[in-house]
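K.L.:
Dumping the structure here so I can ask a few things about it.
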Amino acid sequence: MTKAVFIATAEPYSGKSLVSLGLVNMLLGQARKVGYFKPIIDYDPAQQRDPHIDTVLSHFKLPLSYADTYAYTRPEALRLMEADAQGDLIDTVIHKFKQWEDNYDFTVVEGSDFLGAGTAFEFDANVSIAKNLGVPVILVVSGADKSTAQMVSSALTLLRNFEAREVPVLMIMANRIPPAQADDVRELLRSQLPAEVLLSVIPEDQDLSHPTMREIHAGLGGKLLFGEAGLGNQVDNYVIGAMQVPNFLNYLKDNVLIVTPGDRGDIIICALQANMSASYPRVAGIVLSAGSEPDAPIVRLLEGLPSVVPILAVGTGTFETSTRIGAIRSRITPDNPKKIQLAISTFERYVEIRALEEKLVSFQPEGITPHMFQYRLLQWAKRQRRHIVLPEGNDDRILRAAALLLHQDIVDLTILGKPDEVLASVKRLGLNFPAGHVRILDPVNSEYYADYVQTFYELRKDKGVNEDMARDLLRDVSYFGSMMVWKGHADGMVSGAVHTTQHTIRPALQFIKTKPGVSVVSSVFFMCLPDRVAVFGDCAVNPNPTAEQLAEIAISSAESSRAFGIEPRVAMLSYSSGTSGAGADVDKVRQATELVRQKRPDLKVEGPIQYDAAVDPLVGRQKLPDSEVAGQASVLIFPDLNTGNNTYKAVQRETGALAIGPVLQGLNKPVNDLSRGCTVDDVFNTVVITAIQSQQ
């Protein structure tokens with residue numbers, strides 16, 4: 001099988017970093033261990049770490065030593081080339097690569113950046129490295145500032161140079177193509193490329209090239225006066241503040257950088273007030289030119305404000321400052337997760353993932369790792385776009401997760417809450433929601449309210465509910481959201497960040513109800529342990545299930561496990577294993593195990609069994625040597641809520657495992673509950689799970 005791929009270019013700012021991020025993300029869904037190696041770096045490690053290596057390592061949490069991710073700095077490599085010692089360079093690179101080959105299932109190797117002195121030797125060095133490593137190449141060619149003919153010529157010339165050295169090329173990636181040229185570039189290249197070479201044409205996305213205020217500060221130098229916390233703000237455009245305030249306000253656009261002399265206190269105050277106003281776009285920062293700083297009264301005013309956008313003071317004049325800002329090149333850095341996710345989603349949108357996987361990956365790993373699991377979840381969620389309702393639009397975690405989901409183009413969302421309050425929170429958090437895939441509804445003022453009230457009354461009037469009660473209950477976001485799901489106006493609901501489990505589930509039990517043949521609603525957590533994913537149930541809903549309920553929970557959990565790509569091997573947990581123990585609690589588990597075997601003879605199930613015997617192969621062989629489950633259980637069923645809830649939290653805290661859930665099972669339509677201590681990642685993952693459930 002192919003164990004590595006080399007990403008090469010012949011020019012600076014081609015967008016190799018986008019390709020690297022997309023490839024590593026793709027491969028982590030297929031391989032247990034993915035390495036990353038950049039033979040030649042531009043930065044002296046004694047002074048600064050390579051920002052792209054940092055981005056890849058930190059974002060994907062790759063357990064790699066920074067020192068092992070490169071072989072040479074640019075000056076070191078240049079000295080070897082000038083001394084005619086290219087063989088020594090290649091030998092060292094091969095040695096380091098062989099470490100990856102031995103220890104990792106797959107390695108992404110990234111060529112040099114073509115920045116600074118010595119670019120003449122780089123192309124030959126990259127071709128030599130790829131050839132001597134014996135790995136195929138993905139060629140990245142930039143379309144920035146090129147005509148269609150120039151772009152096609154650059155790509156074909158680069159391909160011929162690699163083919164002349166007998167380096168196999170898997171794919172040409174035409175990146176940063178002006179959207180108007182994309183179709184022509186694709187058609188002309190496809191007609192001239194060999195059939196076996198894949199082609200991807202990626203249109204230019206300005207959001208990937210726009211700098212942050214931190215990059216503006218680094219590029220301009222100068223003095224940071226205020227707003228250090230906002231240095232991560234993205235700058236989409238800039239304006240010179242040299243006019244009167246009323247006219248100046250007309251030139252503000254989203255994420256604008258304002259360049260103005262330091263003595264224009266009116267512009268400074270106006271810009272900060274506009275940033276706080278719901279009626280004006282967000283201001284990214286202010287640059288004060290010509291070496292001037294605000295007068296003392298203005299400084300005093302700024303010091304008393306609760307938050308201020310970054311304000312820099314530079315010595316250059318306004319025109320020169322603006323010219324330098326326009327020349328600043330943005331990089332994808334670890335502190336900009338939004339840009340990282342945009343790069344990954346752009347890769348997934350324009351690259352033929354399956355065709356590339358078939359060329360790169362020819363093995364099927366045993367088991368499933370957390371990275372594989374999460375990668376597959378996103379791919380499954382995107383197979384059929386679903387509509388999820390989030391009732392808790394007043395919670396910042398919900399809004400942050402919503403922004404991530406929308407920017408990654410995973411689901412459509414309805415967020416419940418008063419639109420003006422929700423939008424004010426969105427702006428305060430520095431978020432933006434892409435148009436077209438999200439709506440914000442105030443339940444009482446929505447077009448659905450009257451119909452939902454009447455529907456609920458008809459469904460529950462036999463239970464003593466009158467129309468006034470129905471009107472009151474449908475003001476509750478949990479009831480309104482659940483009714484959206486029941487009526488088919490949403491495919492699923494995720495709630496619980498600020499509401500209790502019972503508050504979230506009660507409406508679903510009243511009218512969504514359980515699936516045919518299911519009498520008990522239960523839950524599972526997908527526990528993403530360091531090297532595998534396990535299913536824990538029930539850790540959130542049923543305090544003390546009977547043997548019959550426990551058997552049903554086990555069957556539902558096995559079905560959930562299989563539905564999400566985990567082969568179910570069910571362990572019915574107790575404080576004893578096999579026939580060694582006695583007592584009411586053990587007997588309940590023993591009875592439940594027999595019921596599972598009777599109802600579902602196709603399932604691999606063992607019980608009663610202790611936790612260590614269920615998951616540790618050595619202990620499992622000692623205690624239950626003939627079991628198909630002992631030592632390799634993937635679904636662990638706890639005898640009661642006390643045991644299950646405490647165990648999942650203990651495992652989560654002590655191992656650092658990601659716990660996705662609780663995922664409810666047994667309902668006719670998916671409604672899922674969050675912990676009130678949930679994180680943004682918890683909300684994100686639960687929405688993805690809910691979307692997949694609704695497809696099933």
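By order of appearance in the structure tokens: chains A, B, ..., then residues from 1 within every chain, and ligands from 1 in the order shown.
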Per residue of region 106-199 of chain A within 12 Å of region 6-13 of chain A, record the nearest atom pair and its distance in Å to one decimal, counting only C-alpha atoms, with rows in chain order and ascending residue number, as a Markdown table.

P.N.:
```
| residue | atom | partner | partner_atom | distance |
| --- | --- | --- | --- | --- |
| A:Phe106 | CA | A:Phe6 | CA | 11.3 |
| A:Thr107 | CA | A:Phe6 | CA | 8.7 |
| A:Val108 | CA | A:Phe6 | CA | 6.3 |
| A:Val109 | CA | A:Phe6 | CA | 4.7 |
| A:Glu110 | CA | A:Ile7 | CA | 4.8 |
| A:Gly111 | CA | A:Ala8 | CA | 5.1 |
| A:Ser112 | CA | A:Ala8 | CA | 7.6 |
| A:Asp113 | CA | A:Pro12 | CA | 5.7 |
| A:Phe114 | CA | A:Pro12 | CA | 5.0 |
| A:Leu115 | CA | A:Pro12 | CA | 6.0 |
| A:Gly116 | CA | A:Pro12 | CA | 9.4 |
| A:Thr119 | CA | A:Glu11 | CA | 8.8 |
| A:Ala120 | CA | A:Ala10 | CA | 9.9 |
| A:Phe121 | CA | A:Ala10 | CA | 10.8 |
| A:Glu122 | CA | A:Ala10 | CA | 8.1 |
| A:Phe123 | CA | A:Ala10 | CA | 6.1 |
| A:Asp124 | CA | A:Ala10 | CA | 9.8 |
| A:Ala125 | CA | A:Ala8 | CA | 10.7 |
| A:Asn126 | CA | A:Ala8 | CA | 7.0 |
| A:Val127 | CA | A:Ala8 | CA | 8.3 |
| A:Ser128 | CA | A:Ala8 | CA | 11.4 |
| A:Ile129 | CA | A:Phe6 | CA | 9.0 |
| A:Ala130 | CA | A:Phe6 | CA | 6.4 |
| A:Lys131 | CA | A:Phe6 | CA | 9.8 |
| A:Asn132 | CA | A:Phe6 | CA | 11.4 |
| A:Leu133 | CA | A:Phe6 | CA | 9.1 |
| A:Gly134 | CA | A:Phe6 | CA | 9.6 |
| A:Val135 | CA | A:Phe6 | CA | 6.6 |
| A:Pro136 | CA | A:Phe6 | CA | 6.2 |
| A:Val137 | CA | A:Phe6 | CA | 4.6 |
| A:Ile138 | CA | A:Ile7 | CA | 4.9 |
| A:Leu139 | CA | A:Ala8 | CA | 5.0 |
| A:Val140 | CA | A:Thr9 | CA | 5.0 |
| A:Val141 | CA | A:Thr9 | CA | 6.2 |
| A:Ser142 | CA | A:Tyr13 | CA | 7.5 |
| A:Gly143 | CA | A:Tyr13 | CA | 10.3 |
| A:Ala144 | CA | A:Tyr13 | CA | 9.0 |
| A:Asp145 | CA | A:Tyr13 | CA | 11.7 |
| A:Ser154 | CA | A:Ala10 | CA | 9.2 |
| A:Ala155 | CA | A:Thr9 | CA | 9.7 |
| A:Thr157 | CA | A:Ala10 | CA | 10.3 |
| A:Leu158 | CA | A:Ala10 | CA | 7.5 |
| A:Leu159 | CA | A:Thr9 | CA | 10.3 |
| A:Asn161 | CA | A:Ala10 | CA | 10.6 |
| A:Phe162 | CA | A:Ala8 | CA | 9.9 |
| A:Val167 | CA | A:Phe6 | CA | 10.3 |
| A:Pro168 | CA | A:Phe6 | CA | 10.2 |
| A:Val169 | CA | A:Phe6 | CA | 9.3 |
| A:Leu170 | CA | A:Phe6 | CA | 9.8 |
| A:Met171 | CA | A:Ile7 | CA | 9.8 |
| A:Ile172 | CA | A:Ala8 | CA | 9.9 |
| A:Met173 | CA | A:Thr9 | CA | 9.7 |
| A:Ala174 | CA | A:Thr9 | CA | 10.6 |
| A:Asn175 | CA | A:Tyr13 | CA | 10.0 |
| A:Arg176 | CA | A:Tyr13 | CA | 9.4 |
```

K.L.:
Find the nearest atom pair between each residue of region 182-212 of chain A and region 332-356 of chain A for residues within 7 Å, count only C-alpha atoms, give distances in Å to one decimal, sort rows by chain and ascending number, and present the table as JSON lines.

P.N.:
```
{"residue": "A:Ser200", "atom": "CA", "partner": "A:Val351", "partner_atom": "CA", "distance": 5.4}
{"residue": "A:Val201", "atom": "CA", "partner": "A:Tyr350", "partner_atom": "CA", "distance": 6.7}
{"residue": "A:Ile202", "atom": "CA", "partner": "A:Tyr350", "partner_atom": "CA", "distance": 5.9}
{"residue": "A:Leu208", "atom": "CA", "partner": "A:Lys339", "partner_atom": "CA", "distance": 6.3}
```

K.L.:
Mind checking which residues fall within 12 Å of Asp451 (chain A), counting only C-alpha atoms, ignoring those fewer than 3 positions away in the same chain, and posting them as a short mmCIF file (atom, residue, chain, number, x, y, z; two decimals) with all heavy atoms, in the first residue's frame?

P.N.:
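Output below, filename selection.cif:
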```cif
data_model
loop_
_atom_site.label_atom_id
_atom_site.label_comp_id
_atom_site.auth_asym_id
_atom_site.auth_seq_id
_atom_site.Cartn_x
_atom_site.Cartn_y
_atom_site.Cartn_z
N PRO A 443 -40.94 31.53 19.17
CA PRO A 443 -42.08 30.62 19.08
C PRO A 443 -43.44 31.31 19.04
O PRO A 443 -44.26 31.02 18.16
CB PRO A 443 -41.93 29.76 20.33
CG PRO A 443 -40.46 29.71 20.57
CD PRO A 443 -39.95 31.08 20.17
N VAL A 444 -43.68 32.24 19.95
CA VAL A 444 -45.02 32.84 20.06
C VAL A 444 -45.35 33.67 18.82
O VAL A 444 -46.51 33.75 18.41
CB VAL A 444 -45.10 33.72 21.33
CG1 VAL A 444 -46.45 34.43 21.40
CG2 VAL A 444 -44.92 32.85 22.57
N SER A 446 -44.16 33.12 15.75
CA SER A 446 -43.90 32.42 14.50
C SER A 446 -45.21 32.05 13.81
O SER A 446 -46.28 32.02 14.42
CB SER A 446 -43.10 31.14 14.78
OG SER A 446 -43.95 30.13 15.27
N GLU A 447 -45.10 31.74 12.52
CA GLU A 447 -46.29 31.34 11.75
C GLU A 447 -46.81 29.98 12.17
O GLU A 447 -47.93 29.60 11.83
CB GLU A 447 -45.98 31.35 10.25
CG GLU A 447 -45.07 30.24 9.75
CD GLU A 447 -43.59 30.60 9.80
OE1 GLU A 447 -43.21 31.43 10.66
OE2 GLU A 447 -42.82 30.06 8.98
N TYR A 448 -45.98 29.21 12.92
CA TYR A 448 -46.38 27.87 13.33
C TYR A 448 -47.20 27.85 14.62
O TYR A 448 -47.85 26.84 14.92
CB TYR A 448 -45.14 27.00 13.57
CG TYR A 448 -44.25 26.80 12.38
CD1 TYR A 448 -42.87 26.81 12.51
CD2 TYR A 448 -44.78 26.55 11.11
CE1 TYR A 448 -42.03 26.61 11.43
CE2 TYR A 448 -43.96 26.35 10.02
CZ TYR A 448 -42.59 26.38 10.19
OH TYR A 448 -41.77 26.17 9.11
N GLN A 454 -53.03 24.10 18.39
CA GLN A 454 -54.20 23.29 18.08
C GLN A 454 -53.83 21.80 17.96
O GLN A 454 -54.55 20.93 18.45
CB GLN A 454 -54.84 23.77 16.77
CG GLN A 454 -56.19 23.13 16.46
CD GLN A 454 -57.24 23.40 17.53
OE1 GLN A 454 -57.26 24.47 18.14
NE2 GLN A 454 -58.10 22.42 17.80
N THR A 455 -52.67 21.53 17.35
CA THR A 455 -52.22 20.15 17.20
C THR A 455 -51.97 19.52 18.57
O THR A 455 -52.38 18.38 18.83
CB THR A 455 -50.93 20.09 16.36
OG1 THR A 455 -51.19 20.63 15.06
CG2 THR A 455 -50.43 18.66 16.23
N PHE A 456 -51.29 20.25 19.45
CA PHE A 456 -50.99 19.71 20.77
C PHE A 456 -52.28 19.48 21.56
O PHE A 456 -52.42 18.45 22.25
CB PHE A 456 -50.08 20.68 21.54
CG PHE A 456 -49.63 20.15 22.87
CD1 PHE A 456 -48.69 19.14 22.96
CD2 PHE A 456 -50.17 20.63 24.06
CE1 PHE A 456 -48.27 18.63 24.18
CE2 PHE A 456 -49.77 20.14 25.29
CZ PHE A 456 -48.82 19.13 25.35
N TYR A 457 -53.22 20.39 21.44
CA TYR A 457 -54.50 20.22 22.13
C TYR A 457 -55.20 18.94 21.65
O TYR A 457 -55.68 18.14 22.46
CB TYR A 457 -55.39 21.43 21.88
CG TYR A 457 -56.84 21.21 22.26
CD1 TYR A 457 -57.21 21.05 23.60
CD2 TYR A 457 -57.83 21.11 21.28
CE1 TYR A 457 -58.54 20.81 23.94
CE2 TYR A 457 -59.15 20.88 21.61
CZ TYR A 457 -59.49 20.72 22.95
OH TYR A 457 -60.80 20.47 23.29
N GLU A 458 -55.22 18.72 20.34
CA GLU A 458 -55.87 17.52 19.80
C GLU A 458 -55.17 16.25 20.26
O GLU A 458 -55.81 15.23 20.55
CB GLU A 458 -55.90 17.57 18.27
CG GLU A 458 -56.77 18.68 17.69
CD GLU A 458 -58.26 18.49 18.01
OE1 GLU A 458 -58.67 17.33 18.25
OE2 GLU A 458 -58.98 19.49 18.05
N GLU A 467 -57.20 24.09 25.79
CA GLU A 467 -56.53 24.96 24.83
C GLU A 467 -55.64 25.99 25.51
O GLU A 467 -54.58 26.35 24.99
CB GLU A 467 -57.56 25.64 23.93
CG GLU A 467 -58.25 24.64 22.98
CD GLU A 467 -59.09 25.34 21.91
OE1 GLU A 467 -58.77 26.50 21.59
OE2 GLU A 467 -60.04 24.73 21.42
N ALA A 470 -52.49 24.30 26.37
CA ALA A 470 -51.71 24.08 25.15
C ALA A 470 -50.98 25.35 24.73
O ALA A 470 -49.81 25.32 24.35
CB ALA A 470 -52.62 23.59 24.02
N ARG A 471 -51.69 26.51 24.82
CA ARG A 471 -51.05 27.77 24.46
C ARG A 471 -49.86 28.06 25.37
O ARG A 471 -48.80 28.50 24.92
CB ARG A 471 -52.06 28.92 24.53
CG ARG A 471 -52.85 29.13 23.23
CD ARG A 471 -53.65 30.40 23.26
NE ARG A 471 -54.77 30.29 24.19
CZ ARG A 471 -55.97 29.82 23.86
NH1 ARG A 471 -56.18 29.42 22.60
NH2 ARG A 471 -56.94 29.76 24.74
N LEU A 474 -46.86 25.60 24.60
CA LEU A 474 -46.17 25.84 23.33
C LEU A 474 -45.34 27.12 23.34
O LEU A 474 -44.62 27.39 22.38
CB LEU A 474 -47.17 25.84 22.17
CG LEU A 474 -47.31 24.50 21.43
CD1 LEU A 474 -45.97 24.09 20.81
CD2 LEU A 474 -47.79 23.39 22.35
N PHE A 480 -42.09 23.60 21.84
CA PHE A 480 -42.16 24.12 20.48
C PHE A 480 -41.19 23.37 19.56
O PHE A 480 -41.54 22.97 18.45
CB PHE A 480 -41.86 25.62 20.48
CG PHE A 480 -42.14 26.30 19.18
CD1 PHE A 480 -43.39 26.86 18.92
CD2 PHE A 480 -41.17 26.38 18.18
CE1 PHE A 480 -43.66 27.48 17.71
CE2 PHE A 480 -41.43 26.98 16.97
CZ PHE A 480 -42.68 27.54 16.73
N MET A 483 -42.39 19.90 18.83
CA MET A 483 -43.50 19.93 17.89
C MET A 483 -43.00 20.17 16.46
O MET A 483 -43.55 19.61 15.50
CB MET A 483 -44.52 21.00 18.29
CG MET A 483 -45.79 21.01 17.44
SD MET A 483 -46.72 19.45 17.50
CE MET A 483 -47.48 19.59 19.13
N MET A 484 -41.94 20.97 16.32
CA MET A 484 -41.35 21.14 14.99
C MET A 484 -40.91 19.79 14.42
O MET A 484 -41.11 19.50 13.24
CB MET A 484 -40.15 22.09 15.06
CG MET A 484 -40.47 23.56 15.20
SD MET A 484 -39.00 24.59 15.00
CE MET A 484 -38.70 24.42 13.25
N LYS A 487 -44.00 17.56 13.58
CA LYS A 487 -44.73 18.02 12.40
C LYS A 487 -43.89 17.90 11.12
O LYS A 487 -44.41 18.14 10.02
CB LYS A 487 -45.15 19.48 12.58
CG LYS A 487 -46.16 19.69 13.70
CD LYS A 487 -47.58 19.34 13.29
CE LYS A 487 -48.19 20.41 12.42
NZ LYS A 487 -49.64 20.16 12.17
#
```

K.L.:
Using only C-alpha atoms, can you tell me which of A:Pro51, A:Val152, A:Gln591, A:Met527 comes closest to Thr655 (chain A)?

P.N.:
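Among the listed residues, the smallest separation from Thr655 (chain A) belongs to A:Met527.
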
K.L.:
Excluding Glu594 (chain A) and residues on its chain fewer than 2 positions from it, collect all residues at most 12 Å away from it, counting only C-alpha atoms, and give them as a PyMOL selection string.

P.N.:
chain A and resi 547-548+550-552+554-555+572+587-592+596-601+603-608

K.L.:
To test your reading of the structure, identify every residue in region 439-658 of chain A that backbone DSSP assigns to strand (DSSP E), and report it as a PyMOL selection string.

P.N.:
chain A and resi 439-441+492-495+522-528+533-537+569-573+604-609+635-637+658

K.L.:
To one decimal in Å, tell me the separation between CA of Val688 (chain A) and CA of Thr504 (chain A).

P.N.:
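If I compute the distance from CA of Val688 (chain A) to CA of Thr504 (chain A), I get 18.0 Å.
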
K.L.:
For a quick check of understanding, using only C-alpha atoms, which of A:Pro178, A:Gly430, A:Pro203, A:Gly565 has the smallest distance to Ala284 (chain A)?

P.N.:
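Smallest distance to Ala284 (chain A) is found for A:Gly430.
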
K.L.:
Please identify the helix (DSSP H, G or I) residues within region 321-566 of chain A (assignment by DSSP from backbone atoms) and present them as a VMD selection string.

P.N.:
chain A and resid 321 to 327 337 to 350 353 to 360 370 to 383 396 to 407 419 to 428 443 to 445 449 to 463 467 to 473 477 to 487 501 to 512 547 to 563

K.L.:
What are the closest atom pairs, with distances in Å to one decimal, for all residues of region 2-39 of chain A lying within 8 Å of region 54-69 of chain A? Consider only C-alpha atoms, order rows by chain and residue number, and present the result as JSON lines.

P.N.:
```
{"residue": "A:Leu21", "atom": "CA", "partner": "A:Val56", "partner_atom": "CA", "distance": 6.6}
{"residue": "A:Asn25", "atom": "CA", "partner": "A:Phe60", "partner_atom": "CA", "distance": 7.7}
{"residue": "A:Val34", "atom": "CA", "partner": "A:Leu62", "partner_atom": "CA", "distance": 7.7}
{"residue": "A:Gly35", "atom": "CA", "partner": "A:Leu62", "partner_atom": "CA", "distance": 7.6}
{"residue": "A:Tyr36", "atom": "CA", "partner": "A:Thr69", "partner_atom": "CA", "distance": 6.4}
{"residue": "A:Phe37", "atom": "CA", "partner": "A:Thr69", "partner_atom": "CA", "distance": 4.6}
{"residue": "A:Lys38", "atom": "CA", "partner": "A:Thr69", "partner_atom": "CA", "distance": 5.9}
{"residue": "A:Pro39", "atom": "CA", "partner": "A:Thr69", "partner_atom": "CA", "distance": 7.5}
```

K.L.:
Those same residues - all heavy atoms - I'd like them written as a short mmCIF file (atom, residue, chain, number, x, y, z; two decimals), in the first residue's frame.

P.N.:
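Once everything was written out, this is out_6.cif:
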```cif
data_model
loop_
_atom_site.label_atom_id
_atom_site.label_comp_id
_atom_site.auth_asym_id
_atom_site.auth_seq_id
_atom_site.Cartn_x
_atom_site.Cartn_y
_atom_site.Cartn_z
N LEU A 21 -3.83 20.49 5.25
CA LEU A 21 -4.89 20.35 6.26
C LEU A 21 -5.99 19.42 5.77
O LEU A 21 -6.47 18.55 6.53
CB LEU A 21 -5.47 21.73 6.59
CG LEU A 21 -4.56 22.67 7.40
CD1 LEU A 21 -5.07 24.10 7.34
CD2 LEU A 21 -4.47 22.20 8.85
N ASN A 25 -6.76 15.71 7.52
CA ASN A 25 -8.12 15.48 8.01
C ASN A 25 -8.73 14.25 7.35
O ASN A 25 -9.36 13.42 8.01
CB ASN A 25 -8.97 16.71 7.75
CG ASN A 25 -10.38 16.57 8.30
OD1 ASN A 25 -10.59 16.54 9.50
ND2 ASN A 25 -11.35 16.47 7.41
N VAL A 34 -1.32 8.98 11.71
CA VAL A 34 -0.93 9.80 10.57
C VAL A 34 0.23 10.69 10.99
O VAL A 34 0.17 11.39 11.99
CB VAL A 34 -2.11 10.65 10.06
CG1 VAL A 34 -1.64 11.61 8.97
CG2 VAL A 34 -3.22 9.74 9.53
N GLY A 35 1.31 10.66 10.21
CA GLY A 35 2.46 11.51 10.46
C GLY A 35 2.47 12.71 9.54
O GLY A 35 1.80 12.73 8.50
N TYR A 36 3.23 13.72 9.93
CA TYR A 36 3.36 14.93 9.11
C TYR A 36 4.83 15.33 9.10
O TYR A 36 5.48 15.40 10.14
CB TYR A 36 2.50 16.06 9.68
CG TYR A 36 2.70 17.38 8.98
CD1 TYR A 36 2.09 17.63 7.77
CD2 TYR A 36 3.53 18.35 9.52
CE1 TYR A 36 2.28 18.81 7.10
CE2 TYR A 36 3.74 19.56 8.86
CZ TYR A 36 3.11 19.78 7.65
OH TYR A 36 3.32 20.96 7.00
N PHE A 37 5.37 15.59 7.91
CA PHE A 37 6.81 15.82 7.76
C PHE A 37 7.04 16.90 6.72
O PHE A 37 6.51 16.83 5.61
CB PHE A 37 7.47 14.51 7.34
CG PHE A 37 8.96 14.54 7.27
CD1 PHE A 37 9.71 15.18 8.24
CD2 PHE A 37 9.64 13.91 6.23
CE1 PHE A 37 11.08 15.19 8.19
CE2 PHE A 37 11.02 13.92 6.17
CZ PHE A 37 11.75 14.57 7.15
N LYS A 38 7.83 17.90 7.08
CA LYS A 38 8.17 18.99 6.17
C LYS A 38 9.70 19.06 6.10
O LYS A 38 10.34 19.63 6.99
CB LYS A 38 7.59 20.30 6.67
CG LYS A 38 7.67 21.44 5.68
CD LYS A 38 6.88 22.64 6.18
CE LYS A 38 6.90 23.76 5.15
NZ LYS A 38 6.14 24.93 5.61
N PRO A 39 10.33 18.46 5.09
CA PRO A 39 11.78 18.32 5.09
C PRO A 39 12.55 19.62 5.26
O PRO A 39 13.55 19.68 5.96
CB PRO A 39 12.07 17.69 3.72
CG PRO A 39 10.81 16.96 3.38
CD PRO A 39 9.70 17.80 3.92
#
```

K.L.:
Residues near Ser675 (chain A), anyone? I mean within 9 Å using only C-alpha atoms, not counting same-chain ones fewer than 3 positions away, as a list in words.

P.N.:
Ser495, Gly496, Ala497, Val498, His499, Thr500, Thr501, Gly661, Pro662, Cys678, Thr679 and Asp682 of chain A

K.L.:
Give me, please, the distance in Å between CA of Gly677 (chain A) and CA of Asp531 (chain A), quoted to one decimal.

P.N.:
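Taking CA of Gly677 (chain A) as the start and CA of Asp531 (chain A) as the end point, the length is 25.1 Å.
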
K.L.:
Determine, counting only C-alpha atoms, which protein, DNA and RNA residues have an atom within 9 Å of an atom of region 228-230 of chain A; residues of the same chain fewer than 5 positions away are not included. Present the result as a PDB file with C-alpha atoms, in the first residue's frame.

P.N.:
```
ATOM      1  CA  MET A 213      -5.198  41.897  13.412  1.00  0.00           C
ATOM      2  CA  ARG A 214      -2.300  39.898  14.848  1.00  0.00           C
ATOM      3  CA  ALA A 284     -11.887  44.564  13.294  1.00  0.00           C
ATOM      4  CA  GLY A 285      -9.423  47.184  14.504  1.00  0.00           C
ATOM      5  CA  SER A 307     -13.888  46.228  25.654  1.00  0.00           C
ATOM      6  CA  VAL A 308     -11.985  47.936  22.846  1.00  0.00           C
ATOM      7  CA  VAL A 309     -10.995  46.621  19.431  1.00  0.00           C
ATOM      8  CA  PRO A 310      -7.234  46.442  18.770  1.00  0.00           C
ATOM      9  CA  ILE A 311      -5.736  49.910  18.272  1.00  0.00           C
TER      10      ILE A 311
END
```

K.L.:
Counting only C-alpha atoms, which of A:Leu429, A:Val465, A:Ala327, A:Leu416 gets nearest to Arg397 (chain A)?

P.N.:
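Checking each candidate against Arg397 (chain A), we get A:Leu429 as the closest.
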